[in-house]
file coords.cif (mmCIF, C-alpha atoms and all ligand atoms)
data_run
#
loop_
_atom_site.group_PDB
_atom_site.id
_atom_site.type_symbol
_atom_site.label_atom_id
_atom_site.label_comp_id
_atom_site.auth_asym_id
_atom_site.auth_seq_id
_atom_site.Cartn_x
_atom_site.Cartn_y
_atom_site.Cartn_z
ATOM 1 C CA MET A 21 -33.293 -135.488 -139.455
ATOM 2 C CA TYR A 22 -31.258 -133.650 -136.897
ATOM 3 C CA ASN A 23 -32.664 -133.173 -133.479
ATOM 4 C CA ALA A 24 -32.718 -129.421 -133.965
ATOM 5 C CA GLU A 25 -34.801 -129.683 -137.102
ATOM 6 C CA ARG A 26 -37.228 -132.100 -135.503
ATOM 7 C CA HIS A 27 -37.489 -129.791 -132.587
ATOM 8 C CA GLN A 28 -38.207 -126.854 -134.877
ATOM 9 C CA LEU A 29 -40.870 -128.822 -136.736
ATOM 10 C CA ASN A 30 -42.491 -129.892 -133.503
ATOM 11 C CA ARG A 31 -42.550 -126.362 -132.312
ATOM 12 C CA GLU A 32 -44.274 -125.170 -135.456
ATOM 13 C CA ARG A 33 -46.822 -127.940 -135.168
ATOM 14 C CA GLU A 34 -47.379 -127.138 -131.530
ATOM 15 C CA ASN A 35 -47.748 -123.458 -132.226
ATOM 16 C CA ALA A 36 -50.225 -124.170 -134.991
ATOM 17 C CA SER A 37 -52.294 -126.367 -132.737
ATOM 18 C CA HIS A 38 -52.114 -123.754 -129.977
ATOM 19 C CA ARG A 39 -53.298 -121.067 -132.382
ATOM 20 C CA LYS A 40 -56.130 -123.312 -133.533
ATOM 21 C CA TRP A 41 -57.124 -124.003 -129.955
ATOM 22 C CA TYR A 42 -56.785 -120.327 -129.070
ATOM 23 C CA ASN A 43 -59.005 -119.202 -131.960
ATOM 24 C CA ALA A 44 -61.584 -121.871 -131.241
ATOM 25 C CA ASN A 45 -61.705 -120.928 -127.565
ATOM 26 C CA LYS A 46 -61.095 -117.207 -127.835
ATOM 27 C CA GLU A 47 -64.445 -116.143 -126.453
ATOM 28 C CA LYS A 48 -64.299 -118.599 -123.622
ATOM 29 C CA ARG A 49 -60.762 -117.580 -122.726
ATOM 30 C CA LEU A 50 -61.510 -113.886 -122.694
ATOM 31 C CA THR A 51 -64.517 -114.439 -120.505
ATOM 32 C CA ARG A 52 -62.355 -116.419 -118.134
ATOM 33 C CA ILE A 53 -59.731 -113.652 -118.041
ATOM 34 C CA HIS A 54 -62.395 -111.060 -117.369
ATOM 35 C CA GLU A 55 -63.787 -113.189 -114.607
ATOM 36 C CA TYR A 56 -60.346 -113.500 -113.098
ATOM 37 C CA GLN A 57 -59.797 -109.731 -113.279
ATOM 38 C CA LYS A 58 -63.150 -109.196 -111.658
ATOM 39 C CA GLU A 59 -62.323 -111.527 -108.781
ATOM 40 C CA ALA A 60 -58.861 -110.006 -108.395
ATOM 41 C CA ALA A 61 -60.283 -106.477 -108.235
ATOM 42 C CA VAL A 62 -62.756 -107.473 -105.560
ATOM 43 C CA HIS A 63 -60.047 -109.331 -103.711
ATOM 44 C CA ILE A 64 -57.745 -106.307 -103.738
ATOM 45 C CA SER A 65 -60.435 -103.944 -102.536
ATOM 46 C CA VAL A 66 -61.414 -106.321 -99.721
ATOM 47 C CA GLN A 67 -57.762 -106.722 -98.789
ATOM 48 C CA LYS A 68 -57.352 -102.936 -98.714
ATOM 49 C CA VAL A 69 -60.419 -102.550 -96.499
ATOM 50 C CA GLU A 70 -59.036 -105.136 -94.093
ATOM 51 C CA GLU A 71 -55.615 -103.508 -94.070
ATOM 52 C CA ASN A 72 -57.113 -100.095 -93.299
ATOM 53 C CA ARG A 73 -59.250 -101.575 -90.568
ATOM 54 C CA ALA A 74 -56.215 -103.198 -88.982
ATOM 55 C CA ALA A 75 -54.387 -99.838 -89.018
ATOM 56 C CA LYS A 76 -57.392 -98.174 -87.397
ATOM 57 C CA ILE A 77 -57.683 -100.849 -84.694
ATOM 58 C CA GLU A 78 -53.987 -100.623 -83.843
ATOM 59 C CA CYS A 79 -53.970 -96.835 -83.661
ATOM 60 C CA LEU A 80 -57.208 -96.421 -81.719
ATOM 61 C CA THR A 81 -56.191 -99.166 -79.288
ATOM 62 C CA HIS A 82 -52.913 -97.374 -78.655
ATOM 63 C CA TYR A 83 -54.645 -94.047 -77.991
ATOM 64 C CA GLY A 84 -57.420 -95.811 -76.064
ATOM 65 C CA LYS A 85 -54.720 -96.692 -73.499
ATOM 66 C CA GLY A 86 -54.601 -100.331 -74.558
ATOM 67 C CA LYS A 87 -58.325 -100.720 -75.169
ATOM 68 C CA LEU A 88 -60.260 -100.251 -78.373
ATOM 69 C CA ALA A 89 -62.679 -97.907 -76.635
ATOM 70 C CA CYS A 90 -63.456 -94.291 -75.809
ATOM 71 C CA VAL A 91 -61.198 -93.062 -72.984
ATOM 72 C CA ARG A 92 -64.013 -90.969 -71.516
ATOM 73 C CA CYS A 93 -67.030 -93.273 -71.515
ATOM 74 C CA GLY A 94 -65.765 -96.706 -72.565
ATOM 75 C CA TYR A 95 -67.926 -96.946 -75.693
ATOM 76 C CA ASP A 96 -66.353 -99.621 -77.902
ATOM 77 C CA LYS A 97 -68.033 -99.963 -81.292
ATOM 78 C CA ILE A 98 -65.259 -99.221 -83.766
ATOM 79 C CA ASP A 99 -67.383 -97.436 -86.365
ATOM 80 C CA ALA A 100 -68.142 -94.638 -83.923
ATOM 81 C CA LEU A 101 -64.620 -94.272 -82.518
ATOM 82 C CA SER A 102 -62.148 -91.727 -83.756
ATOM 83 C CA LEU A 103 -58.994 -89.932 -82.856
ATOM 84 C CA ASP A 104 -59.156 -86.667 -80.980
ATOM 85 C CA HIS A 105 -56.504 -84.021 -80.849
ATOM 86 C CA ILE A 106 -56.311 -83.417 -77.111
ATOM 87 C CA ASN A 107 -55.396 -79.745 -77.364
ATOM 88 C CA GLY A 108 -57.252 -78.982 -80.549
ATOM 89 C CA GLY A 109 -55.474 -78.127 -83.764
ATOM 90 C CA GLY A 110 -57.307 -80.832 -85.678
ATOM 91 C CA HIS A 111 -57.977 -78.492 -88.581
ATOM 92 C CA GLU A 112 -54.298 -77.798 -89.163
ATOM 93 C CA GLN A 113 -53.356 -81.447 -88.711
ATOM 94 C CA ARG A 114 -55.850 -82.576 -91.315
ATOM 95 C CA LYS A 115 -54.255 -80.305 -93.878
ATOM 96 C CA ILE A 116 -50.914 -82.083 -93.383
ATOM 97 C CA THR A 117 -51.855 -85.694 -92.841
ATOM 98 C CA GLY A 118 -55.345 -86.081 -94.181
ATOM 99 C CA THR A 119 -57.898 -87.921 -92.093
ATOM 100 C CA GLY A 120 -58.831 -91.445 -91.181
ATOM 101 C CA VAL A 121 -56.437 -94.143 -92.255
ATOM 102 C CA ASN A 122 -53.844 -91.666 -93.565
ATOM 103 C CA LEU A 123 -53.630 -90.121 -90.128
ATOM 104 C CA TYR A 124 -53.415 -93.556 -88.430
ATOM 105 C CA LYS A 125 -50.523 -94.540 -90.692
ATOM 106 C CA TRP A 126 -48.836 -91.177 -90.302
ATOM 107 C CA LEU A 127 -48.911 -91.542 -86.516
ATOM 108 C CA LYS A 128 -47.632 -95.106 -86.652
ATOM 109 C CA ARG A 129 -44.635 -94.042 -88.748
ATOM 110 C CA ARG A 130 -43.827 -91.577 -85.945
ATOM 111 C CA ASN A 131 -44.216 -94.187 -83.208
ATOM 112 C CA TYR A 132 -47.495 -92.765 -81.975
ATOM 113 C CA PRO A 133 -46.557 -89.357 -80.524
ATOM 114 C CA GLU A 134 -48.434 -87.932 -77.560
ATOM 115 C CA GLY A 135 -51.315 -85.491 -77.776
ATOM 116 C CA TYR A 136 -54.071 -87.750 -79.050
ATOM 117 C CA GLN A 137 -56.820 -89.828 -77.504
ATOM 118 C CA THR A 138 -59.529 -92.192 -78.678
ATOM 119 C CA LEU A 139 -62.991 -90.747 -78.279
ATOM 120 C CA CYS A 140 -66.426 -91.903 -79.356
ATOM 121 C CA MET A 141 -68.435 -89.520 -81.513
ATOM 122 C CA CYS A 142 -70.707 -88.561 -78.616
ATOM 123 C CA CYS A 143 -67.761 -87.524 -76.470
ATOM 124 C CA GLN A 144 -66.202 -85.690 -79.438
ATOM 125 C CA HIS A 145 -69.407 -83.734 -79.832
ATOM 126 C CA ILE A 146 -69.656 -82.992 -76.123
ATOM 127 C CA LYS A 147 -66.059 -81.825 -76.079
ATOM 128 C CA LYS A 148 -66.835 -79.417 -78.903
ATOM 129 C CA VAL A 149 -69.806 -78.049 -77.019
ATOM 130 C CA GLN A 150 -67.697 -77.697 -73.870
ATOM 131 C CA ASN A 151 -65.108 -75.787 -75.870
ATOM 132 C CA HIS A 152 -67.916 -73.600 -77.150
ATOM 133 C CA GLU A 153 -67.259 -74.568 -80.742
ATOM 134 C CA GLN A 154 -70.138 -74.267 -83.107
ATOM 135 C CA ILE A 155 -71.153 -77.689 -84.389
ATOM 136 C CA GLY A 156 -71.224 -78.239 -88.105
ATOM 137 C CA GLY A 157 -70.215 -74.680 -88.886
ATOM 138 C CA GLU A 158 -67.830 -73.879 -91.689
ATOM 139 C CA THR A 159 -65.766 -71.600 -89.496
ATOM 140 C CA PRO A 160 -65.329 -72.512 -85.818
ATOM 141 C CA GLN A 161 -67.231 -69.989 -83.765
ATOM 142 C CA THR A 162 -67.515 -69.639 -80.037
ATOM 143 C CA TYR A 163 -70.737 -69.512 -78.119
ATOM 144 C CA ASP A 164 -71.494 -67.392 -75.125
ATOM 145 C CA TYR A 165 -73.293 -69.745 -72.746
ATOM 146 C CA ASN A 166 -75.148 -66.905 -71.119
ATOM 147 C CA SER A 167 -76.394 -65.175 -74.215
ATOM 148 C CA TRP A 168 -80.136 -65.224 -74.823
ATOM 149 C CA GLN A 169 -79.442 -66.666 -78.267
ATOM 150 C CA TYR A 170 -77.623 -69.673 -76.859
ATOM 151 C CA ARG A 171 -80.367 -70.333 -74.345
ATOM 152 C CA TYR A 172 -83.028 -69.894 -76.999
ATOM 153 C CA ASN A 173 -81.268 -72.363 -79.305
ATOM 154 C CA GLN A 174 -80.901 -74.844 -76.459
ATOM 155 C CA THR A 175 -84.633 -74.650 -75.705
ATOM 156 C CA ILE A 176 -85.462 -75.370 -79.319
ATOM 157 C CA ARG A 177 -82.922 -78.185 -79.473
ATOM 158 C CA GLU A 178 -84.428 -79.830 -76.436
ATOM 159 C CA GLU A 179 -87.963 -79.491 -77.767
ATOM 160 C CA CYS A 180 -86.973 -80.946 -81.110
ATOM 161 C CA LEU A 181 -84.905 -83.804 -79.710
ATOM 162 C CA THR A 182 -87.700 -84.704 -77.289
ATOM 163 C CA TYR A 183 -90.299 -84.723 -80.058
ATOM 164 C CA TYR A 184 -88.206 -86.973 -82.303
ATOM 165 C CA GLY A 185 -87.092 -89.092 -79.338
ATOM 166 C CA ASN A 186 -90.745 -90.135 -78.903
ATOM 167 C CA GLY A 187 -91.275 -88.003 -75.827
ATOM 168 C CA LYS A 188 -87.800 -88.430 -74.329
ATOM 169 C CA CYS A 189 -84.792 -86.263 -74.941
ATOM 170 C CA ALA A 190 -82.770 -89.399 -75.764
ATOM 171 C CA CYS A 191 -81.479 -91.624 -78.573
ATOM 172 C CA VAL A 192 -84.279 -93.861 -79.896
ATOM 173 C CA LYS A 193 -81.802 -96.704 -80.470
ATOM 174 C CA CYS A 194 -79.757 -96.860 -77.276
ATOM 175 C CA GLY A 195 -81.373 -94.443 -74.836
ATOM 176 C CA TYR A 196 -78.292 -92.198 -74.521
ATOM 177 C CA ASP A 197 -79.531 -88.947 -73.014
ATOM 178 C CA ASN A 198 -76.748 -86.385 -72.743
ATOM 179 C CA ILE A 199 -78.279 -83.629 -74.860
ATOM 180 C CA ASP A 200 -74.895 -82.457 -76.144
ATOM 181 C CA GLY A 201 -74.298 -85.850 -77.756
ATOM 182 C CA LEU A 202 -77.669 -86.032 -79.516
ATOM 183 C CA SER A 203 -78.823 -84.919 -82.907
ATOM 184 C CA VAL A 204 -81.728 -85.271 -85.313
ATOM 185 C CA ASP A 205 -81.291 -87.922 -87.989
ATOM 186 C CA HIS A 206 -82.893 -87.957 -91.405
ATOM 187 C CA ILE A 207 -84.349 -91.499 -91.366
ATOM 188 C CA ASN A 208 -84.054 -92.145 -95.097
ATOM 189 C CA GLY A 209 -80.869 -90.183 -95.669
ATOM 190 C CA GLY A 210 -80.585 -86.943 -97.577
ATOM 191 C CA GLY A 211 -79.378 -85.181 -94.436
ATOM 192 C CA LYS A 212 -76.315 -83.739 -96.121
ATOM 193 C CA GLN A 213 -78.345 -82.074 -98.820
ATOM 194 C CA HIS A 214 -80.667 -80.692 -96.194
ATOM 195 C CA GLN A 215 -77.752 -79.464 -94.128
ATOM 196 C CA ARG A 216 -76.248 -77.649 -97.088
ATOM 197 C CA GLU A 217 -79.519 -75.916 -97.760
ATOM 198 C CA ARG A 218 -80.164 -74.764 -94.232
ATOM 199 C CA GLY A 219 -77.099 -75.111 -92.042
ATOM 200 C CA THR A 220 -77.207 -77.426 -89.001
ATOM 201 C CA SER A 221 -78.220 -75.030 -86.305
ATOM 202 C CA SER A 222 -81.241 -73.926 -88.241
ATOM 203 C CA LEU A 223 -82.413 -77.477 -88.975
ATOM 204 C CA MET A 224 -84.082 -77.572 -85.561
ATOM 205 C CA LEU A 225 -85.692 -74.195 -86.170
ATOM 206 C CA TRP A 226 -86.863 -75.342 -89.557
ATOM 207 C CA LEU A 227 -88.363 -78.552 -88.162
ATOM 208 C CA ARG A 228 -90.219 -76.622 -85.500
ATOM 209 C CA LYS A 229 -91.494 -74.036 -87.951
ATOM 210 C CA ASN A 230 -92.816 -76.849 -90.139
ATOM 211 C CA ASN A 231 -94.659 -78.543 -87.265
ATOM 212 C CA PHE A 232 -92.186 -81.387 -86.907
ATOM 213 C CA PRO A 233 -92.615 -83.247 -90.189
ATOM 214 C CA GLU A 234 -92.207 -87.032 -90.336
ATOM 215 C CA GLY A 235 -89.022 -88.802 -91.425
ATOM 216 C CA TYR A 236 -86.720 -87.776 -88.567
ATOM 217 C CA GLN A 237 -85.540 -89.421 -85.359
ATOM 218 C CA THR A 238 -83.329 -88.517 -82.426
ATOM 219 C CA LEU A 239 -80.053 -90.409 -82.478
ATOM 220 C CA CYS A 240 -76.904 -90.119 -80.435
ATOM 221 C CA MET A 241 -73.812 -89.230 -82.473
ATOM 222 C CA ASN A 242 -72.488 -92.792 -82.087
ATOM 223 C CA ASP A 243 -75.582 -94.337 -83.624
ATOM 224 C CA GLN A 244 -75.495 -91.720 -86.379
ATOM 225 C CA PHE A 245 -71.993 -92.796 -87.310
ATOM 226 C CA ILE A 246 -72.795 -96.479 -87.116
ATOM 227 C CA LYS A 247 -75.754 -95.897 -89.402
ATOM 228 C CA ARG A 248 -73.547 -93.951 -91.788
ATOM 229 C CA ALA A 249 -70.916 -96.720 -91.801
ATOM 230 C CA GLU A 250 -73.554 -99.349 -92.500
ATOM 231 C CA ASN A 251 -74.921 -97.342 -95.425
ATOM 232 C CA ARG A 252 -71.458 -96.792 -96.806
ATOM 233 C CA GLU A 253 -70.689 -100.495 -96.624
ATOM 234 C CA HIS A 254 -73.913 -101.227 -98.341
ATOM 235 C CA ASN A 255 -72.981 -98.898 -101.172
ATOM 236 C CA SER A 256 -69.306 -99.621 -101.642
ATOM 237 C CA VAL A 257 -68.088 -102.929 -100.282
ATOM 238 C CA LYS A 258 -71.053 -105.044 -101.253
ATOM 239 C CA ALA A 259 -71.176 -103.490 -104.719
ATOM 240 C CA PRO A 260 -67.474 -103.294 -105.590
ATOM 241 C CA LYS A 261 -66.045 -100.468 -107.612
ATOM 242 C CA TYR A 262 -64.842 -102.969 -110.215
ATOM 243 C CA GLN A 263 -67.745 -102.147 -112.490
ATOM 244 C CA GLU A 264 -66.553 -98.575 -113.001
ATOM 245 C CA LYS A 265 -62.994 -99.723 -113.548
ATOM 246 C CA GLN A 266 -64.001 -102.118 -116.288
ATOM 247 C CA GLU A 267 -65.803 -99.397 -118.185
ATOM 248 C CA ARG A 268 -62.761 -97.164 -118.130
ATOM 249 C CA SER A 269 -60.189 -99.797 -119.019
ATOM 250 C CA PRO A 270 -59.745 -100.451 -122.772
ATOM 251 C CA ALA A 271 -58.282 -103.927 -122.106
ATOM 252 C CA ALA A 272 -61.595 -105.134 -120.813
ATOM 253 C CA THR A 273 -63.740 -104.075 -123.730
HETATM 254 ZN ZN ZN B 301 -67.321 -91.613 -75.260
HETATM 255 ZN ZN ZN B 302 -77.665 -94.127 -79.445
#

call {"tool": "encode", "arguments": {"input": "coords.cif", "output": "structure tokens"}}
result
Amino acid sequence: MYNAERHQLNRERENASHRKWYNANKEKRLTRIHEYQKEAAVHISVQKVEENRAAKIECLTHYGKGKLACVRCGYDKIDALSLDHINGGGHEQRKITGTGVNLYKWLKRRNYPEGYQTLCMCCQHIKKVQNHEQIGGETPQTYDYNSWQYRYNQTIREECLTYYGNGKCACVKCGYDNIDGLSVDHINGGGKQHQRERGTSSLMLWLRKNNFPEGYQTLCMNDQFIKRAENREHNSVKAPKYQEKQERSPAAT
């Protein structure tokens, strides 16, 4: 027998034994592949999260003048830090670059141009109030500080925040007490739904009209955002999106 023939015969035998093995272990193999895909999907999403976080840290440190902290008050928990457009124009910018990590990457590609600063959410909120922008409104509106309506709203705000701050007009978590950086938090979530139904400014009015129902607390904007980030992590990172992907993909069925 020539070498080539022997080789051919061997190959056929090998293939046959491979097929036999494959058929016998098909189930097991597929399970293993699925497990691998599962791990890979989780790995990719974790990697992406880490990559985005690194981009955020780099950008906010740059605009925090070398520190990962708010340039106004020094607050340094990353989940409540964000980029502020020093001279406004954030609305327009967002249309071009998007928000969050897209903006961080966009700025990096342009070697971090001037005109931005790192602010904590409390200082962002205070800045808005100082610029007389309506908070949470669909269209930015300006307030007249001396109008009776403004003063009336402020009185109600203070009353509400004091009630839900357990007798102090301050954050129940950290004690922060600049009224312009405080807001009422829906303890068990559902705040967005509530906001859509009533609008933010009237939430306080609503609470007062309903004799301050339970389930709310006064939080500073920073603690609100940290709470939000923790909830989001709980929902997305710990329970990876892989499950949805598998259902959609025909290869995995
Ligand atoms: Zn700050
Ligand atoms: Zn706080």

call {"tool": "residues_around", "arguments": {"input": "coords.cif", "residues": "Cys180 in chain A", "least_positions_apart": "4", "cutoff": "7 Å", "atoms": "all atoms listed in the file", "output": "list in words"}}
result
Ile176, Tyr184, Met224 and Arg228 of chain A

call {"tool": "closest_residue", "arguments": {"input": "coords.cif", "among": "A:Asp96, A:Glu250, A:Glu134, A:Glu59", "to": "ligand ZN 301 (chain B)", "atoms": "only C-alpha atoms and all ligand atoms"}}
result
A:Asp96

call {"tool": "resolve_selection", "arguments": {"input": "coords.cif", "expression": "the PyMOL selection byres (((not hetatm)) within 9 of (chain B and resi 301))", "output": "PDB file with C-alpha atoms, keeping the file's coordinate frame"}}
result
ATOM      1  CA  ALA A  89     -62.679 -97.907 -76.635  1.00  0.00           C
ATOM      2  CA  CYS A  90     -63.456 -94.291 -75.809  1.00  0.00           C
ATOM      3  CA  VAL A  91     -61.198 -93.062 -72.984  1.00  0.00           C
ATOM      4  CA  ARG A  92     -64.013 -90.969 -71.516  1.00  0.00           C
ATOM      5  CA  CYS A  93     -67.030 -93.273 -71.515  1.00  0.00           C
ATOM      6  CA  GLY A  94     -65.765 -96.706 -72.565  1.00  0.00           C
ATOM      7  CA  TYR A  95     -67.926 -96.946 -75.693  1.00  0.00           C
ATOM      8  CA  ASP A  96     -66.353 -99.621 -77.902  1.00  0.00           C
ATOM      9  CA  LEU A 101     -64.620 -94.272 -82.518  1.00  0.00           C
ATOM     10  CA  THR A 138     -59.529 -92.192 -78.678  1.00  0.00           C
ATOM     11  CA  LEU A 139     -62.991 -90.747 -78.279  1.00  0.00           C
ATOM     12  CA  CYS A 140     -66.426 -91.903 -79.356  1.00  0.00           C
ATOM     13  CA  MET A 141     -68.435 -89.520 -81.513  1.00  0.00           C
ATOM     14  CA  CYS A 142     -70.707 -88.561 -78.616  1.00  0.00           C
ATOM     15  CA  CYS A 143     -67.761 -87.524 -76.470  1.00  0.00           C
ATOM     16  CA  GLN A 144     -66.202 -85.690 -79.438  1.00  0.00           C
ATOM     17  CA  ILE A 146     -69.656 -82.992 -76.123  1.00  0.00           C
ATOM     18  CA  ASN A 242     -72.488 -92.792 -82.087  1.00  0.00           C
TER      19      ASN A 242
END

call {"tool": "residues_near_ligand", "arguments": {"input": "coords.cif", "ligand": "ligand ZN 302 (chain B)", "cutoff": "8 Å", "atoms": "all atoms listed in the file", "output": "list in words"}}
result
Ala190, Cys191, Val192, Lys193, Cys194, Gly195, Tyr196, Leu239, Cys240, Met241, Asn242, Asp243 and Gln244 of chain A

call {"tool": "write_last_selection", "arguments": {"input": "coords.cif", "atoms": "C-alpha atoms", "output": "PDB file, in the frame of the given file"}}
result
ATOM      1  CA  ALA A 190     -82.770 -89.399 -75.764  1.00  0.00           C
ATOM      2  CA  CYS A 191     -81.479 -91.624 -78.573  1.00  0.00           C
ATOM      3  CA  VAL A 192     -84.279 -93.861 -79.896  1.00  0.00           C
ATOM      4  CA  LYS A 193     -81.802 -96.704 -80.470  1.00  0.00           C
ATOM      5  CA  CYS A 194     -79.757 -96.860 -77.276  1.00  0.00           C
ATOM      6  CA  GLY A 195     -81.373 -94.443 -74.836  1.00  0.00           C
ATOM      7  CA  TYR A 196     -78.292 -92.198 -74.521  1.00  0.00           C
ATOM      8  CA  LEU A 239     -80.053 -90.409 -82.478  1.00  0.00           C
ATOM      9  CA  CYS A 240     -76.904 -90.119 -80.435  1.00  0.00           C
ATOM     10  CA  MET A 241     -73.812 -89.230 -82.473  1.00  0.00           C
ATOM     11  CA  ASN A 242     -72.488 -92.792 -82.087  1.00  0.00           C
ATOM     12  CA  ASP A 243     -75.582 -94.337 -83.624  1.00  0.00           C
ATOM     13  CA  GLN A 244     -75.495 -91.720 -86.379  1.00  0.00           C
TER      14      GLN A 244
END

call {"tool": "atom_distance", "arguments": {"input": "coords.cif", "atom1": "CA of Leu225 in chain A", "atom2": "CA of Leu181 in chain A"}}
result
11.6 Å

call {"tool": "axis_aligned_box", "arguments": {"input": "coords.cif", "around": "range 166-178 of chain A", "padding_each_side": "5 Å", "output": "JSON"}}
result
{"center_x": -80.3, "center_y": -72.5, "center_z": -75.3, "size_x": 20.3, "size_y": 24.7, "size_z": 18.4}

call {"tool": "closest_residue", "arguments": {"input": "coords.cif", "among": "A:His63, A:His206, A:Lys76, A:Lys188", "to": "Leu88 in chain A", "atoms": "only C-alpha atoms"}}
result
A:Lys76
